[in-house]
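Reviewing the structure listed below.
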Amino acid sequence: MCTRVVTFLGLALLAGAVGCGQTPPTESVRFLEGTEIDLGTVPGTARRQFTLVNDTDRAIEVAQVSTDCGCAAAMVESGTRVVPPRGRCLLDFTLVVGAGQRRTTALTVVTKDGNFANINISATGRVSRWRGVDERVDAGRIWVGDKGECVVRVASTEPLLASEDPPHGQWEFGDSSRVTLGASQMKRRPDGVWECSCVVQVAATHVGRFSATVACSVEGAVVKTPVTWTVVSPLGLESHRILVPRTTPVSIPVSVPTGLAIVGVACAEAAPGVDCAFDAEAGVLSKPVLTIHLRQDGRSVEQPGILDLTVILSEAAGGRRFESPLSVLFTAKREQVDK
């Protein structure tokens with residue numbers, strides 16, 4: 001008897017709810033694209049928009065958007081979380097996939113009334129299709145104190161589709177204080193191949209042969225290109241540091257390349273009792289002689305010393321000037337110097 005009464009009351013309550021225009025809770029949102037989607041082969045970062053559909057006659061509010069992988073992120077477009085009755089909204093989705101990797105992540109939307117929608121998204125990372133245009137880049141010969149410049153380029157191994165987003169290259173270099181990066185450019189060649197280039201500036205502080213590695217990150221790939229350069233003395237010396245006997249005056253024969261001339265010489269730091277000058281044959285600035293006069297009030301000199309000079313040079317053509325450092329190391333020599 002009790003069982004019949006409970007059943008009758010339950011049916012009466014359900015009939016009353018339907019009669020009042022209310023419906024039992026149902027799934028109110030879904031993805032227009034379905035529950036499974038394969039994005040195919042994508043570059044390092046895939047970007048896609050998905051459509052959330054409201055199948056009810058009432059507005060719903062998105063309470064949470066999440067993915068189950070740190071490699072993916074999603075958000076409601078323009079921050080609008082209220083979807084009108086029978087309306088739609090877009091979600092911006094991003095997935096990072098390494099070259100040759102296969103990844104699947106779930107995108108979940110939860111509404112304020114407790115309903116939710118899921119879609120599983122898969123993608124395969126494209127194997128690197130970028131390479132260095134040059135196996136090695138040589139910035140050439142650079143004078144001590146001057147700067148050199150070269151261009152490093154990487155290019156896609158195949159034409160990119162016109163529908164694809166233009167790639168973006170991020171340049172960086174290894175631990176080298178002698179290298180700085182200048183302007184970079186991404187351009188599409190007539191054959192459809194994209195080429196990314198970067199101006200590399202190298203500093204010449206010491207005589208010798210130097211190298212550094214410049215890398216370009218593009219579409220998840222990292223393309224490395226070695227850069228080399230040779231630093232030579234504009235004074236025709238084997239090094240920017242020379243060893244001479246401590247006498248006065250000290251004459252240092254130098255040989256300056258054609259088109260370059262010494263226009264001044266000075267001590268890098270104040271050095272009392274030391275005069276720096278340069279002499280040259282009349283009209284022949286390519287064969288000057290640096291002359292250093294030491295005056296120390298007749299006292300004897302017993303200890304070695306270092307004199308840092310700055311030789312100012314100028315190009316005859318463009319008038320461009322640069323300063324070349326020169327360190328003169330004096331050997332210890334017991335000698336009476338001139339006043």
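Going through the structure tokens in order, the chains are called A, B, and so on, while each chain numbers its residues from 1 and the ligands are numbered from 1 in the order shown.
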
Counting only C-alpha atoms, what is within 12 Å of stretch 142-147 of chain A, bar same-chain residues fewer than 4 positions away, as an mmCIF file with C-alpha atoms, in the first residue's frame?
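Contents of the output file out17.cif:
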data_model
loop_
_atom_site.group_PDB
_atom_site.id
_atom_site.type_symbol
_atom_site.label_atom_id
_atom_site.label_comp_id
_atom_site.auth_asym_id
_atom_site.auth_seq_id
_atom_site.Cartn_x
_atom_site.Cartn_y
_atom_site.Cartn_z
ATOM 1 C CA ASP A 138 82.528 34.321 -42.974
ATOM 2 C CA ARG A 178 81.874 39.738 -29.559
ATOM 3 C CA VAL A 179 78.565 39.170 -31.359
ATOM 4 C CA THR A 180 75.421 41.300 -31.497
ATOM 5 C CA VAL A 200 75.162 39.801 -37.445
ATOM 6 C CA GLN A 201 77.641 42.342 -36.095
ATOM 7 C CA VAL A 202 80.990 41.213 -34.725
ATOM 8 C CA ALA A 203 83.407 43.233 -32.633
ATOM 9 C CA ALA A 204 87.158 43.114 -33.240
ATOM 10 C CA THR A 205 89.009 43.572 -29.979
ATOM 11 C CA HIS A 206 91.875 41.110 -30.410
ATOM 12 C CA VAL A 207 93.960 39.880 -33.294
ATOM 13 C CA GLY A 208 93.133 36.335 -34.256
ATOM 14 C CA ARG A 209 90.562 33.991 -35.781
ATOM 15 C CA PHE A 210 87.173 33.835 -34.049
ATOM 16 C CA THR A 228 83.685 33.133 -38.430
ATOM 17 C CA TRP A 229 85.832 36.225 -38.799
ATOM 18 C CA THR A 230 89.502 37.191 -38.766
ATOM 19 C CA VAL A 231 90.785 40.197 -36.857
ATOM 20 C CA VAL A 232 93.990 41.812 -38.090
ATOM 21 C CA SER A 233 95.953 44.840 -36.982
ATOM 22 C CA PRO A 234 95.487 47.901 -39.225
ATOM 23 C CA LEU A 235 99.054 48.827 -38.320
ATOM 24 C CA GLY A 236 100.531 45.748 -39.973
ATOM 25 C CA LEU A 237 101.560 44.275 -36.610
ATOM 26 C CA GLU A 238 101.191 40.631 -35.668
ATOM 27 C CA SER A 239 99.286 41.516 -32.526
ATOM 28 C CA HIS A 240 97.610 44.432 -30.781
ATOM 29 C CA ARG A 241 100.190 43.912 -27.999
ATOM 30 C CA VAL A 256 98.910 50.939 -42.898
ATOM 31 C CA PRO A 257 96.925 49.514 -45.856
ATOM 32 C CA LEU A 260 93.714 54.020 -44.590
ATOM 33 C CA LEU A 309 97.488 53.594 -26.793
ATOM 34 C CA THR A 310 94.570 54.488 -28.999
ATOM 35 C CA VAL A 311 95.464 54.895 -32.657
ATOM 36 C CA ILE A 312 92.852 56.845 -34.609
ATOM 37 C CA LEU A 313 92.550 55.799 -38.243
ATOM 38 C CA SER A 314 90.483 57.170 -41.094
ATOM 39 C CA GLU A 315 89.393 55.845 -44.447
ATOM 40 C CA ARG A 320 84.912 56.928 -41.663
ATOM 41 C CA ARG A 321 87.023 56.809 -38.522
ATOM 42 C CA PHE A 322 87.625 54.140 -35.938
ATOM 43 C CA GLU A 323 89.950 53.683 -32.971
ATOM 44 C CA SER A 324 92.368 50.789 -32.824
ATOM 45 C CA PRO A 325 93.837 49.803 -29.433
ATOM 46 C CA LEU A 326 97.558 49.114 -29.116
ATOM 47 C CA SER A 327 99.277 47.956 -25.946
#

Sorted by chain and rising residue number, list the residues of stretch 164-232 of chain A at most 12 Å from stretch 80-101 of chain A (counting only C-alpha atoms), each with its closest atom pair and distance in Å to one decimal, as JSON lines.
{"residue": "A:Val218", "atom": "CA", "partner": "A:Ala99", "partner_atom": "CA", "distance": 11.3}
{"residue": "A:Glu219", "atom": "CA", "partner": "A:Ala99", "partner_atom": "CA", "distance": 8.8}
{"residue": "A:Gly220", "atom": "CA", "partner": "A:Gly98", "partner_atom": "CA", "distance": 6.3}
{"residue": "A:Ala221", "atom": "CA", "partner": "A:Ala99", "partner_atom": "CA", "distance": 7.3}
{"residue": "A:Val222", "atom": "CA", "partner": "A:Ala99", "partner_atom": "CA", "distance": 10.5}

Of the listed residues A:Val53, A:Cys196, A:Ile306, A:Leu329, that which approaches A:Thr111 most closely, counting only C-alpha atoms: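 Ranked by minimum distance to A:Thr111, first place goes to A:Val53.
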
From A:Thr213, A:Thr108, A:Thr157, A:Asn120, residue lying nearest A:Leu181 [only C-alpha atoms]: A:Thr213
